[in-house]
>>> print(open('upload01.cif').read())   # mmCIF, C-alpha atoms and all ligand atoms
data_structure
loop_
_atom_site.label_atom_id
_atom_site.label_comp_id
_atom_site.auth_asym_id
_atom_site.auth_seq_id
_atom_site.Cartn_x
_atom_site.Cartn_y
_atom_site.Cartn_z
CA MET A 19 79.01 58.20 124.04
CA ALA A 20 79.06 61.48 122.06
CA PRO A 21 81.25 64.14 123.72
CA ASP A 22 79.45 66.96 125.51
CA LEU A 23 79.95 70.04 123.33
CA HIS A 24 78.13 72.50 125.56
CA ARG A 25 81.12 74.82 125.98
CA ILE A 26 81.94 75.30 122.31
CA PRO A 27 79.41 77.23 120.21
CA GLN A 28 77.69 75.72 117.20
CA GLU A 29 77.18 78.07 114.25
CA ARG A 30 73.56 78.87 115.04
CA GLU A 31 74.62 80.14 118.46
CA ARG A 32 76.95 82.83 117.14
CA MET A 33 76.19 86.04 118.94
CA PRO A 34 76.06 89.47 117.27
CA TYR A 35 79.16 91.54 118.01
CA GLN A 36 78.67 94.39 120.46
CA GLU A 37 81.14 97.23 119.91
CA ASP A 38 82.75 98.58 123.09
CA TYR A 39 86.16 99.88 124.21
CA PHE A 40 88.14 99.74 127.44
CA PHE A 41 91.40 100.95 128.92
CA ALA A 42 93.59 98.16 130.28
CA GLU A 43 96.52 98.50 132.66
CA THR A 44 99.52 96.20 132.45
CA VAL A 45 99.86 94.07 135.60
CA SER A 46 102.90 92.11 134.41
CA ALA A 47 104.86 91.37 131.24
CA ALA A 48 107.51 88.65 131.03
CA ARG A 49 108.94 86.08 128.64
CA LEU A 50 106.86 82.91 128.74
CA THR A 51 109.14 81.08 126.31
CA PRO A 52 111.94 82.45 124.08
CA SER A 53 109.47 83.63 121.38
CA LEU A 54 106.45 84.68 123.45
CA VAL A 55 105.90 87.53 125.91
CA ARG A 56 103.02 86.91 128.33
CA VAL A 57 101.20 90.11 129.26
CA VAL A 58 98.60 90.25 132.04
CA LEU A 59 96.20 93.18 131.74
CA ARG A 60 93.59 94.49 134.16
CA VAL A 61 90.64 95.80 132.16
CA ARG A 62 89.04 98.93 133.62
CA ASP A 63 85.24 98.58 133.83
CA GLY A 64 85.79 95.02 132.57
CA GLU A 65 82.47 93.98 134.14
CA ARG A 66 81.00 95.41 130.92
CA LEU A 67 83.13 93.19 128.66
CA ILE A 68 81.10 90.66 126.67
CA GLU A 69 82.82 87.35 125.96
CA SER A 70 82.24 85.98 122.46
CA GLY A 71 81.83 82.36 123.56
CA HIS A 72 84.41 81.28 120.96
CA PRO A 73 87.61 79.78 122.40
CA ASP A 74 89.80 81.49 119.78
CA GLU A 75 88.36 84.90 120.69
CA TRP A 76 90.55 87.92 120.15
CA VAL A 77 90.66 91.60 121.03
CA ARG A 78 92.39 94.43 119.23
CA LEU A 79 95.05 95.99 121.44
CA ALA A 80 95.37 99.74 120.79
CA PHE A 81 98.64 101.55 121.45
CA GLY A 82 99.50 105.24 121.88
CA PRO A 83 100.28 106.89 118.50
CA ASP A 84 103.83 107.63 119.75
CA ALA A 85 105.87 107.27 122.93
CA GLN A 86 104.71 110.67 124.27
CA THR A 87 100.99 110.41 123.42
CA PRO A 88 98.72 108.24 125.59
CA VAL A 89 96.23 105.86 123.97
CA THR A 90 92.72 107.22 123.46
CA LEU A 91 89.47 105.35 122.77
CA PRO A 92 86.47 106.03 120.54
CA VAL A 93 83.41 107.18 122.51
CA LEU A 94 79.73 106.43 122.02
CA MET A 95 78.19 109.55 120.50
CA ASP A 96 74.65 110.93 120.80
CA ASP A 97 73.71 109.46 117.40
CA GLY A 98 74.56 105.94 118.68
CA ARG A 99 77.78 105.63 116.67
CA TRP A 100 81.32 105.30 118.00
CA GLY A 101 83.59 108.18 117.08
CA ARG A 102 86.19 110.71 118.12
CA PRO A 103 84.33 114.00 118.53
CA ASP A 104 87.44 115.56 120.15
CA GLY A 105 89.38 114.99 116.92
CA SER A 106 91.95 112.70 118.57
CA PRO A 107 93.78 110.53 116.00
CA PRO A 108 92.94 106.79 115.81
CA CYS A 109 95.53 104.67 117.62
CA PRO A 110 97.43 101.83 115.92
CA ASN A 111 95.88 98.53 116.93
CA ARG A 112 96.50 94.81 116.34
CA PRO A 113 94.46 91.64 117.00
CA TYR A 114 95.57 89.27 119.79
CA THR A 115 94.00 86.12 121.18
CA VAL A 116 92.54 86.23 124.68
CA ARG A 117 94.56 83.38 126.16
CA ARG A 118 92.61 83.65 129.41
CA TRP A 119 89.92 85.94 130.79
CA THR A 120 89.04 86.03 134.48
CA PRO A 121 85.80 87.98 134.90
CA GLU A 122 86.06 88.04 138.71
CA THR A 123 89.28 90.10 138.61
CA CYS A 124 88.87 91.55 135.08
CA GLU A 125 92.32 90.15 134.24
CA MET A 126 93.18 89.17 130.68
CA VAL A 127 96.22 87.13 129.61
CA ILE A 128 97.66 87.78 126.14
CA ASP A 129 100.71 85.98 124.68
CA ILE A 130 102.54 88.07 122.09
CA VAL A 131 105.14 86.82 119.57
CA ALA A 132 108.41 88.72 120.07
CA HIS A 133 109.21 89.22 116.38
CA GLU A 134 111.34 91.93 114.75
CA GLY A 135 109.60 95.30 114.20
CA GLY A 136 105.88 95.99 114.55
CA VAL A 137 103.92 98.20 116.94
CA GLY A 138 102.50 95.28 118.91
CA ALA A 139 105.67 93.23 119.25
CA SER A 140 107.76 96.31 120.15
CA TRP A 141 105.21 97.33 122.79
CA ALA A 142 105.23 93.84 124.34
CA LEU A 143 109.01 93.73 124.50
CA GLN A 144 109.10 96.96 126.53
CA ALA A 145 105.84 96.60 128.47
CA LYS A 146 105.99 97.18 132.21
CA PRO A 147 103.46 97.26 135.06
CA GLY A 148 101.27 100.35 134.87
CA ASP A 149 101.46 100.80 131.07
CA VAL A 150 98.00 101.54 129.68
CA ILE A 151 96.64 100.33 126.34
CA GLY A 152 93.19 100.08 124.79
CA ILE A 153 91.14 96.98 124.05
CA CYS A 154 87.74 96.25 122.54
CA ASN A 155 85.09 93.60 123.14
CA PRO A 156 86.34 90.20 121.92
CA GLU A 157 85.11 88.41 118.83
CA GLY A 158 85.80 84.86 117.69
CA ARG A 159 85.54 82.36 114.87
CA PHE A 160 86.17 78.82 116.19
CA TRP A 161 83.07 76.67 116.22
CA LEU A 162 82.60 72.94 116.01
CA PRO A 163 80.06 72.28 113.24
CA ALA A 164 77.15 70.13 114.38
CA GLY A 165 78.04 66.45 114.53
CA SER A 166 81.82 66.99 114.60
CA ARG A 167 83.64 63.94 115.92
CA TRP A 168 87.20 65.25 115.74
CA LEU A 169 89.32 68.40 115.50
CA LEU A 170 92.49 69.03 113.52
CA MET A 171 94.39 72.26 114.28
CA LEU A 172 97.43 73.65 112.49
CA ALA A 173 99.10 76.79 113.76
CA ASP A 174 102.37 78.63 113.78
CA ILE A 175 103.52 80.27 117.00
CA SER A 176 101.11 83.21 116.57
CA GLY A 177 98.26 80.67 116.81
CA LEU A 178 99.67 78.90 119.85
CA PRO A 179 97.63 81.04 122.30
CA ALA A 180 94.47 79.97 120.41
CA VAL A 181 95.61 76.33 120.51
CA GLY A 182 96.07 76.56 124.29
CA ARG A 183 92.69 78.14 124.90
CA VAL A 184 90.85 75.75 122.55
CA LEU A 185 92.43 72.68 124.16
CA GLU A 186 91.49 73.97 127.61
CA GLU A 187 87.86 74.39 126.54
CA LEU A 188 87.33 71.21 124.51
CA PRO A 189 85.03 68.66 126.15
CA GLU A 190 86.38 65.61 127.95
CA GLY A 191 87.61 62.91 125.61
CA PHE A 192 87.12 64.93 122.40
CA PRO A 193 89.71 63.75 119.83
CA ALA A 194 92.04 66.56 118.75
CA ALA A 195 95.23 66.39 116.69
CA VAL A 196 97.25 69.60 116.80
CA HIS A 197 100.33 70.61 114.78
CA VAL A 198 102.22 73.68 115.95
CA GLU A 199 105.17 75.26 114.18
CA ILE A 200 107.59 76.94 116.60
CA PRO A 201 111.05 78.53 116.29
CA SER A 202 112.78 76.41 118.96
CA ASP A 203 112.23 73.38 121.19
CA ASP A 204 112.08 75.74 124.17
CA ASP A 205 108.89 77.25 122.72
CA ARG A 206 106.93 74.05 123.40
CA GLN A 207 104.01 74.31 125.81
CA GLU A 208 103.35 70.77 126.90
CA ILE A 209 99.87 69.48 127.72
CA GLY A 210 99.74 69.15 131.48
CA GLY A 211 102.45 71.81 131.73
CA LEU A 212 101.44 75.16 130.25
CA ILE A 213 98.33 73.76 128.55
CA GLY A 214 95.59 71.99 130.50
CA THR A 215 93.06 69.81 128.69
CA VAL A 216 90.58 67.05 129.33
CA ALA A 217 90.30 66.40 125.58
CA ASP A 218 91.94 63.39 123.96
CA ALA A 219 94.57 65.66 122.42
CA THR A 220 97.98 65.15 120.86
CA ILE A 221 100.31 67.98 119.92
CA THR A 222 103.03 67.51 117.32
CA TRP A 223 105.70 70.20 117.50
CA HIS A 224 107.51 71.28 114.33
CA THR A 225 110.65 73.24 115.12
CA CYS A 226 111.04 74.99 111.78
CA HIS A 227 109.40 78.42 112.18
CA GLY A 228 111.38 81.58 111.44
CA LEU A 229 113.87 82.83 108.91
CA ARG A 230 116.42 80.21 107.85
CA PRO A 231 119.31 80.69 105.41
CA GLU A 232 118.39 77.47 103.55
CA ARG A 233 114.86 78.54 102.49
CA PRO A 234 112.72 81.64 101.84
CA GLY A 235 109.97 82.74 104.24
CA TYR A 236 109.13 82.14 107.88
CA THR A 237 106.86 79.17 107.76
CA GLU A 238 106.56 75.58 106.58
CA LEU A 239 102.92 75.21 107.59
CA PRO A 240 101.84 74.23 104.02
CA ARG A 241 104.46 71.46 103.97
CA ILE A 242 103.24 70.28 107.39
CA ALA A 243 99.66 70.25 106.04
CA ARG A 244 100.66 68.31 102.89
CA GLU A 245 102.24 65.62 105.06
CA ILE A 246 98.77 64.93 106.46
CA THR A 247 97.39 62.55 103.84
CA THR A 248 94.44 61.00 105.68
CA LEU A 249 91.82 62.41 108.02
CA PRO A 250 89.91 60.61 110.78
CA GLU A 251 86.61 58.90 109.95
CA GLY A 252 83.38 60.88 110.06
CA PRO A 253 82.65 64.61 110.14
CA GLY A 254 85.22 66.86 111.78
CA TYR A 255 86.51 70.42 111.89
CA ILE A 256 89.84 71.87 110.73
CA TYR A 257 91.12 75.16 112.18
CA ILE A 258 94.26 76.75 110.73
CA ALA A 259 96.00 79.86 112.12
CA GLY A 260 99.21 81.45 110.93
CA GLU A 261 100.73 83.49 108.11
CA ALA A 262 97.99 84.50 105.66
CA ARG A 263 99.30 82.91 102.44
CA ALA A 264 100.42 79.79 104.30
CA VAL A 265 97.02 79.15 105.89
CA SER A 266 95.35 79.64 102.52
CA ASP A 267 97.68 76.98 101.02
CA CYS A 268 96.88 74.62 103.92
CA ARG A 269 93.16 75.13 103.35
CA LYS A 270 93.57 74.25 99.66
CA HIS A 271 95.34 71.01 100.58
CA PHE A 272 92.52 69.79 102.80
CA ARG A 273 89.81 71.00 100.42
CA ASP A 274 91.34 69.95 97.07
CA ALA A 275 93.80 67.13 97.74
CA LEU A 276 91.84 65.45 100.56
CA SER A 277 88.35 66.53 99.32
CA PHE A 278 87.38 67.71 102.80
CA ASP A 279 84.19 69.80 103.12
CA LYS A 280 85.31 73.46 102.85
CA HIS A 281 82.49 74.54 105.18
CA ARG A 282 84.20 72.60 107.96
CA ILE A 283 87.50 74.46 107.58
CA ASP A 284 88.37 77.81 109.16
CA ALA A 285 91.70 79.17 107.90
CA VAL A 286 92.51 82.45 109.61
CA GLY A 287 95.39 84.63 108.40
CA TYR A 288 96.90 85.84 111.68
CA TRP A 289 99.74 87.84 110.15
CA ILE A 290 101.03 88.80 106.70
CA GLU A 291 104.67 88.26 105.86
CA GLY A 292 106.31 91.54 104.80
CA GLN A 293 103.23 93.61 105.64
CA ALA A 294 101.91 95.36 108.76
CA ARG A 295 98.56 94.05 110.04
CA VAL A 296 96.68 97.38 110.07
C1 LIG B 301 92.41 86.54 115.12
C2 LIG B 301 93.88 86.83 115.37
C3 LIG B 301 94.48 86.44 116.56
C4 LIG B 301 95.84 86.68 116.78
N1 LIG B 301 96.40 86.29 117.96
C5 LIG B 301 97.71 86.52 118.19
C6 LIG B 301 98.30 86.18 119.43
O1 LIG B 301 97.65 85.71 120.35
N2 LIG B 301 99.64 86.41 119.59
C7 LIG B 301 100.39 86.98 118.58
O2 LIG B 301 101.58 87.19 118.79
N3 LIG B 301 99.84 87.33 117.41
C8 LIG B 301 98.53 87.13 117.19
N4 LIG B 301 97.97 87.51 116.01
C9 LIG B 301 98.83 88.04 114.97
C10 LIG B 301 99.17 89.52 115.16
O3 LIG B 301 98.01 90.31 115.14
C11 LIG B 301 100.09 89.93 113.98
O4 LIG B 301 101.29 89.21 114.06
C12 LIG B 301 100.39 91.41 113.93
O5 LIG B 301 100.94 91.68 112.66
C13 LIG B 301 101.39 91.85 114.99
O6 LIG B 301 101.49 93.25 114.93
P1 LIG B 301 102.87 94.02 114.99
O7 LIG B 301 102.48 95.45 115.22
O8 LIG B 301 103.79 93.35 115.94
O9 LIG B 301 103.47 93.85 113.55
P2 LIG B 301 102.96 94.61 112.21
O10 LIG B 301 103.13 96.09 112.35
O11 LIG B 301 101.61 94.12 111.87
O12 LIG B 301 104.01 94.06 111.15
C14 LIG B 301 105.36 94.54 111.09
C15 LIG B 301 106.23 93.49 110.44
O13 LIG B 301 106.29 92.36 111.29
C16 LIG B 301 105.95 91.19 110.56
N5 LIG B 301 105.23 90.27 111.46
C17 LIG B 301 104.00 90.41 112.00
N6 LIG B 301 103.68 89.37 112.77
C18 LIG B 301 104.73 88.53 112.72
C19 LIG B 301 105.00 87.27 113.31
N7 LIG B 301 104.13 86.64 114.12
N8 LIG B 301 106.19 86.69 113.05
C20 LIG B 301 107.10 87.28 112.23
N9 LIG B 301 106.90 88.49 111.64
C21 LIG B 301 105.73 89.10 111.89
C22 LIG B 301 105.07 91.67 109.40
O14 LIG B 301 105.15 90.79 108.30
C23 LIG B 301 105.68 93.02 109.08
O15 LIG B 301 106.76 92.88 108.21
C24 LIG B 301 96.60 87.31 115.78
C25 LIG B 301 95.98 87.74 114.60
C26 LIG B 301 94.64 87.50 114.39
C27 LIG B 301 94.00 87.95 113.10
#
>>> encode(input="upload01.cif", output="structure tokens")
Amino acid sequence: MAPDLHRIPQERERMPYQEDYFFAETVSAARLTPSLVRVVLRVRDGERLIESGHPDEWVRLAFGPDAQTPVTLPVLMDDGRWGRPDGSPPCPNRPYTVRRWTPETCEMVIDIVAHEGGVGASWALQAKPGDVIGICNPEGRFWLPAGSRWLLMLADISGLPAVGRVLEELPEGFPAAVHVEIPSDDDRQEIGGLIGTVADATITWHTCHGLRPERPGYTELPRIAREITTLPEGPGYIYIAGEARAVSDCRKHFRDALSFDKHRIDAVGYWIEGQARV
């Protein structure tokens, strides 16, 4: 029997994005695993928040311009546009996956990679209950093209929150093969442990992420992709999340070497090595 795909949007169901902004108060912030900080936020007026319907949905977290200046949000102006009529400076902001959203309590879970430098990572490492940041309405990309019979996901640790959310929302029995690149064995999030799923999913962990003296760069995702030399029978969907150049190389492998339909691949550059994600 074909799996029930009612929870995952097909392309035609993509909803137009509705711009909106919220303040969110930190409820808790703690290490989930050595490389991830789990932050729980309570979104003020979160009843207004519009979910995207995509399981990889993300928000932009906005931070105060400096330690002394609180975060401010754009406001809806009389002409229907969002702006800053008071002249307040825009706040630095970064995209993060909504690992979990609970509309009843307006609580949002975000898992943040604790890497060196960066506004977002530095904020997460020092976050404490009561800290206030800004967020916007979520948007998303993941969609199972009509007729998909399987899913292949490749991600480095920045895409692990999306992996967790996707696996939790896939329909019962849906075949999914997932490859995740992590810095250490302790960064694993086992299915049935930190990740719940009713899909027919397997995760392969690759403990090679991060700077190593023996090679340049943070990631071996393209090598992991090249080691996949056959794909399951029938139409499927490939979702890749990680460092921008690496995911582009992975996409090329599936498109060019394995002749897989490029319209059934989403390769999302989550971060850019050596460059801030502004
Ligand atoms: C759709 C989407 C969803 C995302 N979801 C998540 C998520 O759930 N969790 C998460 O942690 N990230 C996620 N990211 C990635 C995150 O937005 C970037 O890593 C961002 O650069 C972090 O901002 P920063 O202020 O910490 O660092 P930046 O100021 O952007 O960069 C500062 C320096 O840190 C480096 N850097 C940035 N990210 C990393 C990294 N992951 N590892 C090593 N070095 C890095 C940069 O190359 C740069 O040199 C997502 C990105 C997108 C586009």
>>> closest_atom_pairs(input="upload01.cif", of="range 157-265 of chain A", to="range 54-68 of chain A", cutoff="10 Å", atoms="all atoms listed in the file", output="CSV")
residue,atom,partner,partner_atom,distance
A:Glu157,CA,A:Ile68,CA,9.1
A:Ile175,CA,A:Leu54,CA,8.3
A:Ser176,CA,A:Leu54,CA,8.8
A:Leu178,CA,A:Leu54,CA,9.6
A:Pro179,CA,A:Leu54,CA,9.6
A:Asp205,CA,A:Leu54,CA,7.9
>>> atom_distance(input="upload01.cif", atom1="CA of Ala42 in chain A", atom2="CA of Pro147 in chain A")
11.0 Å
>>> atom_distance(input="upload01.cif", atom1="CA of Ala195 in chain A", atom2="CA of His72 in chain A")
18.9 Å
>>> closest_residue(input="upload01.cif", among="A:Trp223, A:Trp141, A:Phe278, A:Tyr39", to="ligand LIG 301 (chain B)", atoms="all atoms listed in the file")
A:Trp141
>>> residues_near_ligand(input="upload01.cif", ligand="ligand LIG 301 (chain B)", cutoff="6 Å", atoms="all atoms listed in the file", output="PyMOL selection string")
chain A and resi 76+112-115+129-131+133+135-139+176+179+287-295
>>> atom_distance(input="upload01.cif", atom1="CA of His197 in chain A", atom2="CA of Glu134 in chain A")
24.0 Å
>>> closest_residue(input="upload01.cif", among="A:Arg269, A:Arg230, A:Arg117, A:Arg78", to="Cys154 in chain A", atoms="only C-alpha atoms")
A:Arg78
>>> closest_residue(input="upload01.cif", among="A:Leu143, A:Ala275, A:Ala85, A:Cys268", to="Thr247 in chain A", atoms="all atoms listed in the file")
A:Ala275
>>> closest_residue(input="upload01.cif", among="A:Pro163, A:Pro201, A:Leu239, A:Arg118", to="Lys280 in chain A", atoms="all atoms listed in the file")
A:Pro163
>>> residues_around(input="upload01.cif", residues="Tyr257 in chain A", least_positions_apart="5", cutoff="7 Å", atoms="only C-alpha atoms", output="tab-separated table (two decimals) with C-alpha atoms, in the frame of the given file")
chain	number	residue	atom	x	y	z
A	170	LEU	CA	92.49	69.03	113.52
A	171	MET	CA	94.39	72.26	114.28
A	172	LEU	CA	97.43	73.65	112.49
A	283	ILE	CA	87.50	74.46	107.58
A	284	ASP	CA	88.37	77.81	109.16
A	285	ALA	CA	91.70	79.17	107.90
>>> closest_residue(input="upload01.cif", among="A:Gly210, A:Pro121, A:Gly260, A:Pro189", to="Pro240 in chain A", atoms="only C-alpha atoms")
A:Gly260
>>> closest_residue(input="upload01.cif", among="A:Glu125, A:Asp279, A:Glu43, A:Asp174", to="Glu238 in chain A", atoms="only C-alpha atoms")
A:Asp174
>>> residues_near_point(input="upload01.cif", point="(92.2, 68.2, 112.8)", cutoff="12 Å", atoms="all atoms listed in the file", output="PyMOL selection string")
chain A and resi 162+166-173+181+192-198+219-222+243+246-258+268-269+272+278+282-284
>>> residues_around(input="upload01.cif", residues="Glu75 in chain A", least_positions_apart="4", cutoff="8 Å", atoms="all atoms listed in the file", output="PyMOL selection string")
chain A and resi 70-71+115-116+156-160+180
>>> residues_around(input="upload01.cif", residues="Gly101 in chain A", least_positions_apart="5", cutoff="12 Å", atoms="all atoms listed in the file", output="PyMOL selection string")
chain A and resi 37-39+90-96+106-108
>>> build_atoms(input="upload01.cif", residues="range 188-202 of chain A", atoms="N, CA, C and O atoms", output="short mmCIF file (atom, residue, chain, number, x, y, z; two decimals), keeping the file's coordinate frame")
data_model
loop_
_atom_site.label_atom_id
_atom_site.label_comp_id
_atom_site.auth_asym_id
_atom_site.auth_seq_id
_atom_site.Cartn_x
_atom_site.Cartn_y
_atom_site.Cartn_z
N LEU A 188 87.95 72.36 125.18
CA LEU A 188 87.33 71.21 124.51
C LEU A 188 86.73 70.27 125.55
O LEU A 188 87.25 70.14 126.65
N PRO A 189 85.64 69.58 125.19
CA PRO A 189 85.03 68.66 126.15
C PRO A 189 85.90 67.43 126.41
O PRO A 189 86.78 67.10 125.60
N GLU A 190 85.61 66.79 127.53
CA GLU A 190 86.38 65.61 127.95
C GLU A 190 86.35 64.54 126.86
O GLU A 190 85.28 64.21 126.33
N GLY A 191 87.51 64.05 126.53
CA GLY A 191 87.61 62.91 125.61
C GLY A 191 87.50 63.28 124.14
O GLY A 191 87.58 62.40 123.27
N PHE A 192 87.30 64.57 123.82
CA PHE A 192 87.12 64.93 122.40
C PHE A 192 88.45 64.76 121.66
O PHE A 192 89.47 65.30 122.06
N PRO A 193 88.44 64.00 120.54
CA PRO A 193 89.71 63.75 119.83
C PRO A 193 90.22 64.99 119.10
O PRO A 193 89.49 65.58 118.31
N ALA A 194 91.45 65.38 119.39
CA ALA A 194 92.04 66.56 118.75
C ALA A 194 93.49 66.27 118.40
O ALA A 194 94.26 65.83 119.25
N ALA A 195 93.83 66.50 117.12
CA ALA A 195 95.23 66.39 116.69
C ALA A 195 95.70 67.80 116.34
O ALA A 195 95.04 68.50 115.56
N VAL A 196 96.80 68.21 116.95
CA VAL A 196 97.25 69.60 116.80
C VAL A 196 98.70 69.61 116.31
O VAL A 196 99.55 68.88 116.85
N HIS A 197 98.95 70.43 115.28
CA HIS A 197 100.33 70.61 114.78
C HIS A 197 100.70 72.07 114.99
O HIS A 197 99.99 72.96 114.52
N VAL A 198 101.80 72.30 115.70
CA VAL A 198 102.22 73.68 115.95
C VAL A 198 103.65 73.87 115.47
O VAL A 198 104.55 73.09 115.80
N GLU A 199 103.84 74.94 114.69
CA GLU A 199 105.17 75.26 114.18
C GLU A 199 105.79 76.34 115.07
O GLU A 199 105.20 77.42 115.26
N ILE A 200 106.95 76.04 115.63
CA ILE A 200 107.59 76.94 116.60
C ILE A 200 109.05 77.17 116.19
O ILE A 200 109.63 76.38 115.45
N PRO A 201 109.64 78.26 116.66
CA PRO A 201 111.05 78.53 116.29
C PRO A 201 112.06 77.62 116.99
O PRO A 201 113.12 77.35 116.44
N SER A 202 111.76 77.20 118.23
CA SER A 202 112.78 76.41 118.96
C SER A 202 112.08 75.42 119.89
O SER A 202 110.92 75.62 120.27
#
